[in-house]
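**Q** What follows is query.cif; its format and atoms are mmCIF, C-alpha atoms and all ligand atoms.
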```cif
data_coords
loop_
_atom_site.label_atom_id
_atom_site.label_comp_id
_atom_site.auth_asym_id
_atom_site.auth_seq_id
_atom_site.Cartn_x
_atom_site.Cartn_y
_atom_site.Cartn_z
CA MET A 1432 122.35 127.75 129.21
CA ARG A 1433 118.82 126.36 129.30
CA LYS A 1434 118.19 122.80 128.11
CA LEU A 1435 115.79 121.62 125.43
CA THR A 1436 114.07 118.43 126.63
CA TYR A 1437 112.01 116.25 124.33
CA PHE A 1438 109.50 114.68 126.73
CA MET A 1439 107.10 112.28 125.09
CA ALA A 1440 105.13 109.04 125.29
CA ALA A 1441 106.21 106.13 123.11
CA SER A 1442 105.47 102.50 122.41
CA ILE A 1443 108.05 99.76 123.09
CA ASP A 1444 108.95 99.92 119.39
CA GLY A 1445 109.55 103.66 119.53
CA PHE A 1446 106.45 105.19 117.96
CA ILE A 1447 104.86 108.29 119.48
CA GLY A 1448 101.48 107.68 117.91
CA ALA A 1449 99.45 105.88 115.26
CA PRO A 1450 100.41 106.49 111.62
CA ASP A 1451 98.12 109.57 111.65
CA GLY A 1452 99.74 110.78 114.88
CA ASP A 1453 96.86 109.92 117.20
CA ALA A 1454 98.36 109.31 120.65
CA GLN A 1455 95.23 109.23 122.80
CA PHE A 1456 95.49 105.46 123.28
CA PHE A 1457 98.61 105.96 125.42
CA LEU A 1458 96.44 107.64 128.06
CA ARG A 1459 94.99 104.34 129.24
CA HIS A 1460 98.44 103.55 130.72
CA ALA A 1461 98.49 106.72 132.79
CA ASP A 1462 97.05 105.30 136.00
CA GLU A 1463 96.86 106.93 139.42
CA GLU A 1464 100.45 106.15 140.42
CA PHE A 1465 101.78 107.40 137.09
CA PHE A 1466 99.80 110.64 137.37
CA ARG A 1467 101.11 111.12 140.91
CA TRP A 1468 104.67 110.86 139.55
CA LEU A 1469 103.90 113.24 136.67
CA ALA A 1470 102.35 115.75 139.04
CA SER A 1471 105.33 115.62 141.39
CA ASP A 1472 108.22 115.39 138.90
CA TYR A 1473 106.95 116.96 135.66
CA PRO A 1474 103.86 119.01 136.61
CA GLU A 1475 104.37 121.46 133.73
CA THR A 1476 103.94 118.70 131.13
CA LEU A 1477 100.30 118.32 132.15
CA ALA A 1478 98.15 120.51 129.94
CA SER A 1479 96.12 123.30 131.59
CA HIS A 1480 92.75 121.62 131.11
CA GLY A 1481 94.09 118.35 132.61
CA ARG A 1482 95.61 120.18 135.56
CA ARG A 1483 92.31 121.95 136.16
CA ALA A 1484 90.33 118.69 136.00
CA LEU A 1485 92.70 117.05 138.49
CA GLY A 1486 92.67 120.04 140.85
CA LEU A 1487 96.39 120.64 140.17
CA ASP A 1488 96.00 124.15 138.79
CA GLY A 1489 98.30 125.85 141.28
CA LEU A 1490 101.29 123.50 140.91
CA PRO A 1491 104.51 125.49 140.50
CA ASN A 1492 106.77 124.77 137.51
CA ARG A 1493 109.74 122.58 138.45
CA ARG A 1494 111.78 122.01 135.31
CA PHE A 1495 110.29 124.00 132.44
CA ASP A 1496 108.94 127.50 131.93
CA THR A 1497 108.65 127.31 128.14
CA VAL A 1498 107.02 124.86 125.73
CA ILE A 1499 107.48 124.49 122.00
CA GLN A 1500 105.37 122.31 119.74
CA GLY A 1501 104.62 121.81 116.09
CA ARG A 1502 101.40 123.12 114.56
CA ARG A 1503 99.98 119.62 114.14
CA SER A 1504 100.50 118.83 117.84
CA TYR A 1505 99.01 122.20 118.82
CA GLU A 1506 96.01 121.37 116.64
CA VAL A 1507 95.11 118.43 118.90
CA ALA A 1508 94.11 121.00 121.56
CA LEU A 1509 92.87 123.56 119.04
CA LYS A 1510 90.32 121.08 117.70
CA GLU A 1511 88.87 120.92 121.24
CA GLY A 1512 88.61 124.70 121.28
CA ILE A 1513 91.67 125.06 123.54
CA THR A 1514 93.86 127.86 122.23
CA SER A 1515 96.27 128.08 125.19
CA PRO A 1516 96.98 124.46 126.20
CA TYR A 1517 99.94 125.22 128.49
CA ALA A 1518 98.87 128.47 130.12
CA HIS A 1519 101.44 128.00 132.92
CA LEU A 1520 104.31 128.14 130.37
CA ARG A 1521 105.56 130.50 127.67
CA GLN A 1522 104.16 128.88 124.56
CA TYR A 1523 105.65 128.66 121.07
CA VAL A 1524 104.13 126.89 118.07
CA ALA A 1525 106.14 126.29 114.89
CA SER A 1526 104.02 126.89 111.81
CA ARG A 1527 104.37 128.32 108.34
CA THR A 1528 100.61 128.20 107.76
CA LEU A 1529 99.26 129.83 110.95
CA THR A 1530 99.77 133.44 110.01
CA GLU A 1531 98.06 134.73 113.14
CA SER A 1532 98.18 133.18 116.59
CA PRO A 1533 94.80 131.91 117.83
CA ASP A 1534 95.73 133.13 121.32
CA PRO A 1535 97.77 136.07 122.66
CA ALA A 1536 99.60 133.64 124.98
CA VAL A 1537 100.91 131.60 122.03
CA GLU A 1538 103.71 132.88 119.83
CA ILE A 1539 104.05 131.50 116.32
CA ILE A 1540 107.53 130.67 115.03
CA SER A 1541 107.13 130.88 111.28
CA SER A 1542 110.69 130.00 110.30
CA GLY A 1543 113.96 128.84 111.78
CA PRO A 1544 112.69 127.04 114.90
CA ALA A 1545 116.23 125.79 115.67
CA GLU A 1546 117.57 129.32 115.65
CA ARG A 1547 114.71 130.49 117.88
CA VAL A 1548 115.41 127.64 120.29
CA ARG A 1549 119.08 128.63 120.44
CA GLU A 1550 117.99 132.18 121.35
CA LEU A 1551 115.61 130.88 124.01
CA LYS A 1552 118.34 128.68 125.47
CA ARG A 1553 120.49 131.75 126.02
CA GLU A 1554 117.78 133.36 128.17
CA GLU A 1555 117.63 132.94 131.93
CA GLY A 1556 115.09 130.55 133.37
CA LEU A 1557 113.95 126.97 133.63
CA GLY A 1558 114.20 124.46 130.78
CA ILE A 1559 112.36 124.29 127.47
CA TYR A 1560 109.85 121.50 126.97
CA LEU A 1561 109.75 120.12 123.44
CA CYS A 1562 106.28 118.64 123.39
CA GLY A 1563 106.43 117.21 119.86
CA GLY A 1564 105.52 116.07 117.43
CA SER A 1565 107.63 113.96 115.19
CA ARG A 1566 108.37 116.51 112.47
CA LEU A 1567 109.32 119.33 114.78
CA ALA A 1568 111.48 116.94 116.85
CA GLY A 1569 113.19 115.99 113.58
CA GLU A 1570 113.80 119.65 112.78
CA LEU A 1571 115.16 120.28 116.28
CA ARG A 1572 117.19 117.07 116.66
CA GLU A 1573 120.48 118.95 116.80
CA GLU A 1574 119.19 121.18 119.61
CA ILE A 1575 117.88 118.45 121.90
CA ASP A 1576 119.90 118.18 125.12
CA GLU A 1577 117.74 115.69 126.94
CA LEU A 1578 115.22 112.97 126.15
CA VAL A 1579 112.58 111.82 128.61
CA ILE A 1580 110.81 108.84 127.08
CA LYS A 1581 107.69 107.49 128.74
CA THR A 1582 107.61 104.00 127.25
CA TYR A 1583 104.30 102.23 127.62
CA PRO A 1584 104.01 98.43 127.36
CA VAL A 1585 102.54 98.31 123.89
CA VAL A 1586 103.88 97.42 120.43
CA LEU A 1587 102.42 99.21 117.41
CA GLY A 1588 104.28 97.73 114.45
CA SER A 1589 104.08 101.00 112.58
CA GLY A 1590 103.19 104.54 113.47
CA MET A 1591 104.57 108.02 113.89
CA PRO A 1592 108.33 107.87 114.58
CA MET A 1593 109.83 109.70 117.52
CA PHE A 1594 111.84 111.75 115.04
CA GLY A 1595 110.60 112.64 111.59
CA ALA A 1596 114.11 112.96 110.26
CA GLY A 1597 116.70 111.16 108.17
CA PHE A 1598 119.22 108.60 109.37
CA GLN A 1599 121.91 110.04 111.58
CA ILE A 1600 123.67 108.59 114.61
CA THR A 1601 123.28 110.83 117.65
CA ASP A 1602 124.54 109.41 120.94
CA PHE A 1603 122.77 109.85 124.24
CA THR A 1604 123.81 108.76 127.74
CA LEU A 1605 121.29 107.03 129.96
CA LYS A 1606 120.85 109.03 133.17
CA SER A 1607 117.98 107.30 134.91
CA VAL A 1608 115.28 104.70 134.52
CA ARG A 1609 112.13 104.44 136.54
CA SER A 1610 109.63 101.64 136.15
CA PHE A 1611 106.05 101.56 137.28
CA PRO A 1612 103.86 98.60 138.33
CA ASN A 1613 101.69 99.11 135.23
CA GLY A 1614 104.67 98.40 132.96
CA ALA A 1615 105.45 102.00 132.03
CA VAL A 1616 109.17 102.86 132.02
CA VAL A 1617 110.51 106.41 132.05
CA SER A 1618 114.05 106.70 130.66
CA THR A 1619 116.04 109.92 130.82
CA TYR A 1620 118.99 110.46 128.51
CA SER A 1621 121.32 113.37 128.04
CA ARG A 1622 123.05 114.11 124.78
CA THR A 1623 126.64 112.92 124.46
CA THR A 1624 127.48 113.80 120.85
CA ALA A 1625 129.45 117.04 120.59
CA ARG A 1626 127.73 119.62 118.43
N1 LIG A 1701 103.33 110.62 122.05
C1 LIG A 1701 103.55 111.88 122.40
O1 LIG A 1701 104.05 112.15 123.52
C2 LIG A 1701 103.20 113.00 121.48
C3 LIG A 1701 103.60 114.29 121.83
C4 LIG A 1701 103.25 115.34 120.95
C5 LIG A 1701 102.55 115.06 119.80
N2 LIG A 1701 102.21 113.79 119.49
C6 LIG A 1701 101.47 113.51 118.26
O2 LIG A 1701 102.23 114.02 117.18
C7 LIG A 1701 101.31 114.35 116.15
C8 LIG A 1701 101.86 115.55 115.39
O3 LIG A 1701 103.18 115.28 114.92
P1 LIG A 1701 103.61 115.70 113.45
O4 LIG A 1701 104.98 115.21 113.23
O5 LIG A 1701 102.53 115.31 112.51
O6 LIG A 1701 103.55 117.29 113.51
P2 LIG A 1701 104.27 118.38 114.47
O7 LIG A 1701 105.71 118.13 114.53
O8 LIG A 1701 103.49 118.52 115.71
O9 LIG A 1701 103.96 119.69 113.61
C9 LIG A 1701 104.48 119.78 112.31
C10 LIG A 1701 104.26 121.19 111.84
O10 LIG A 1701 105.15 122.08 112.51
C11 LIG A 1701 105.46 123.15 111.65
N3 LIG A 1701 106.90 123.17 111.39
C12 LIG A 1701 107.76 122.13 111.35
N4 LIG A 1701 108.98 122.56 110.99
C13 LIG A 1701 108.88 123.89 110.82
C14 LIG A 1701 109.81 124.89 110.45
N5 LIG A 1701 111.08 124.62 110.17
N6 LIG A 1701 109.37 126.18 110.37
C15 LIG A 1701 108.08 126.49 110.64
N7 LIG A 1701 107.15 125.56 110.98
C16 LIG A 1701 107.56 124.29 111.07
C17 LIG A 1701 104.70 122.90 110.35
O11 LIG A 1701 103.44 123.54 110.49
P3 LIG A 1701 102.62 124.13 109.22
O12 LIG A 1701 102.18 122.92 108.45
O13 LIG A 1701 101.53 124.91 109.84
O14 LIG A 1701 103.61 124.96 108.46
C18 LIG A 1701 104.53 121.38 110.37
O15 LIG A 1701 103.47 120.90 109.57
C19 LIG A 1701 99.99 114.67 116.81
O16 LIG A 1701 98.99 113.94 116.17
C20 LIG A 1701 100.16 114.25 118.26
O17 LIG A 1701 99.14 113.39 118.68
C21 LIG A 1701 102.52 112.75 120.30
#
```
As structure tokens, please, write out the structure in this file.
**A**
Amino acid sequence: MRKLTYFMAASIDGFIGAPDGDAQFFLRHADEEFFRWLASDYPETLASHGRRALGLDGLPNRRFDTVIQGRRSYEVALKEGITSPYAHLRQYVASRTLTESPDPAVEIISSGPAERVRELKREEGLGIYLCGGSRLAGELREEIDELVIKTYPVVLGSGMPMFGAGFQITDFTLKSVRSFPNGAVVSTYSRTTAR
């Protein structure tokens, strides 16, 4: 069974972006050492245009072969004219409003993303990268097997929560923690609550 991993950047106080979702300001924490780690451990989480710019185009996938994101997260790339942001992965975008995919490499999931994820999990292959954002993570909370939280040393006070969902206690077990000289901490958790 393939795993669904929610891999995201967050502030110390657990927000994945500004109140409007903007998360660009996290990038200033991604220094050379951090990028080296990303490229070696999670190369597939780097978007195609970033990989190209860094000369990392040919990196093989290590953990994921599929990505799923919400329409509003996909739009961040779309606004830059990028229709296939993770060309090295099978790409799914959840949306009820995008009736036609802007790119043949991107499949739209117009309803039941949790059900679709359960189907994808039953397929052979590497893991499934849940890229975000908050709302889709909230919708898929029950399906998340693993969390990889890149916590950057910043407090926001308010912002976009990691999960756009109601209160519910879901236990996770800490598997590993890695800290970086720039203050970034990457924590990996696996789900402990029985479904
Ligand atoms: N810090 C990080 O690592 C990180 C990672 C990713 C994204 N982000 C940020 O997150 C922000 C976006 O998050 P968000 O919570 O606003 O939006 P989102 O989760 O990316 O997308 C929400 C959209 O997904 C679609 N969707 C959700 N549930 C669905 C369902 N059951 N069936 C069909 N479609 C469904 C809907 O699209 P329609 O409205 O088209 O129906 C909904 O508006 C972005 O601004 C981005 O910067 C941060």
**Q** Step by step, measure atom-to-atom distances between ligand LIG 1701 (chain A) and each residue using all atoms listed in the file, keep those at most 8 Å, then write them as number ranges by chain.
**A** A: 1438-1441, 1446-1448, 1451-1455, 1457, 1500-1507, 1524-1529, 1540-1545, 1562-1570, 1581, 1591, 1593-1595
**Q** From the set A:Glu1554, A:Asn1492, A:Met1432, A:Ile1575, which residue has the shortest atom-to-atom contact distance to Asp1602 of chain A, counting all atoms listed in the file?
**A**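 Of all the options, A:Ile1575 lies closest to Asp1602 of chain A.
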**Q** Quick one: pull the distance between atom CA of Pro1612 of chain A and atom CA of Ile1580 of chain A, Å, one decimal.
**A**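 So the two atoms, atom CA of Pro1612 of chain A and atom CA of Ile1580 of chain A, lie 16.7 Å apart.
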**Q** Could you tell me how far atom CA of Ala1615 of chain A sits from atom CA of Leu1587 of chain A, in Å to one decimal place?
**A**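 Result for atom CA of Leu1587 of chain A versus atom CA of Ala1615 of chain A: 15.2 Å, one decimal.
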**Q** Let me make sure I understand: among A:Ile1539, A:Leu1490, A:Gly1588, A:Glu1463, which one has the smallest atom-to-atom distance to Asp1444 of chain A if we use only C-alpha atoms?
**A**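 For Asp1444 of chain A, the nearest of the given residues is A:Gly1588.
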**Q** Which residues are near Ala1518 of chain A? Cut-off 12 Å, all atoms listed in the file, ignore same chain within fewer than 4 positions. Put them as a PyMOL selection string.
**A** chain A and resi 1475-1483+1488-1489+1492+1496-1498+1513-1514+1522-1523+1534-1537
**Q** Measuring between all atoms listed in the file, which one of A:Val1616, A:Val1548, A:Leu1485, A:Leu1578 shows the shortest distance to Phe1465 of chain A?
**A**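 Closest to Phe1465 of chain A of all the choices is A:Val1616.
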**Q** Please, could N, CA and C atoms be added to segment 1490-1509 of chain A and the result written as an mmCIF file, keeping the file's coordinate frame?
**A**
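The file below, out36.cif, is the result:
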```cif
data_model
loop_
_atom_site.group_PDB
_atom_site.id
_atom_site.type_symbol
_atom_site.label_atom_id
_atom_site.label_comp_id
_atom_site.auth_asym_id
_atom_site.auth_seq_id
_atom_site.Cartn_x
_atom_site.Cartn_y
_atom_site.Cartn_z
ATOM 1 N N LEU A 1490 99.955 124.109 140.768
ATOM 2 C CA LEU A 1490 101.290 123.500 140.910
ATOM 3 C C LEU A 1490 102.374 124.399 140.318
ATOM 4 N N PRO A 1491 103.426 124.660 141.072
ATOM 5 C CA PRO A 1491 104.510 125.490 140.500
ATOM 6 C C PRO A 1491 105.305 124.700 139.459
ATOM 7 N N ASN A 1492 105.911 125.422 138.507
ATOM 8 C CA ASN A 1492 106.770 124.770 137.510
ATOM 9 C C ASN A 1492 108.053 124.322 138.197
ATOM 10 N N ARG A 1493 108.515 123.117 137.847
ATOM 11 C CA ARG A 1493 109.740 122.580 138.450
ATOM 12 C C ARG A 1493 110.922 122.622 137.492
ATOM 13 N N ARG A 1494 110.652 122.187 136.241
ATOM 14 C CA ARG A 1494 111.780 122.010 135.310
ATOM 15 C C ARG A 1494 111.690 122.909 134.080
ATOM 16 N N PHE A 1495 110.475 123.246 133.684
ATOM 17 C CA PHE A 1495 110.290 124.000 132.440
ATOM 18 C C PHE A 1495 109.491 125.276 132.703
ATOM 19 N N ASP A 1496 109.817 126.323 131.925
ATOM 20 C CA ASP A 1496 108.940 127.500 131.930
ATOM 21 C C ASP A 1496 108.507 127.856 130.514
ATOM 22 N N THR A 1497 108.919 127.028 129.552
ATOM 23 C CA THR A 1497 108.650 127.310 128.140
ATOM 24 C C THR A 1497 108.304 125.997 127.447
ATOM 25 N N VAL A 1498 107.360 126.060 126.521
ATOM 26 C CA VAL A 1498 107.020 124.860 125.730
ATOM 27 C C VAL A 1498 107.054 125.236 124.251
ATOM 28 N N ILE A 1499 107.532 124.298 123.445
ATOM 29 C CA ILE A 1499 107.480 124.490 122.000
ATOM 30 C C ILE A 1499 106.883 123.235 121.376
ATOM 31 N N GLN A 1500 105.970 123.455 120.448
ATOM 32 C CA GLN A 1500 105.370 122.310 119.740
ATOM 33 C C GLN A 1500 105.113 122.673 118.295
ATOM 34 N N GLY A 1501 104.956 121.622 117.489
ATOM 35 C CA GLY A 1501 104.620 121.810 116.090
ATOM 36 C C GLY A 1501 103.139 122.131 115.934
ATOM 37 N N ARG A 1502 102.796 122.722 114.798
ATOM 38 C CA ARG A 1502 101.400 123.120 114.560
ATOM 39 C C ARG A 1502 100.455 121.920 114.639
ATOM 40 N N ARG A 1503 100.885 120.769 114.147
ATOM 41 C CA ARG A 1503 99.980 119.620 114.140
ATOM 42 C C ARG A 1503 99.731 119.096 115.564
ATOM 43 N N SER A 1504 100.708 119.213 116.431
ATOM 44 C CA SER A 1504 100.500 118.830 117.840
ATOM 45 C C SER A 1504 99.589 119.855 118.525
ATOM 46 N N TYR A 1505 99.838 121.127 118.254
ATOM 47 C CA TYR A 1505 99.010 122.200 118.820
ATOM 48 C C TYR A 1505 97.551 122.018 118.408
ATOM 49 N N GLU A 1506 97.366 121.534 117.174
ATOM 50 C CA GLU A 1506 96.010 121.370 116.640
ATOM 51 C C GLU A 1506 95.174 120.367 117.420
ATOM 52 N N VAL A 1507 95.846 119.423 118.099
ATOM 53 C CA VAL A 1507 95.110 118.430 118.900
ATOM 54 C C VAL A 1507 94.256 119.183 119.941
ATOM 55 N N ALA A 1508 94.855 120.186 120.585
ATOM 56 C CA ALA A 1508 94.110 121.000 121.560
ATOM 57 C C ALA A 1508 93.153 121.956 120.854
ATOM 58 N N LEU A 1509 93.663 122.553 119.774
ATOM 59 C CA LEU A 1509 92.870 123.560 119.040
ATOM 60 C C LEU A 1509 91.524 122.992 118.581
#
```
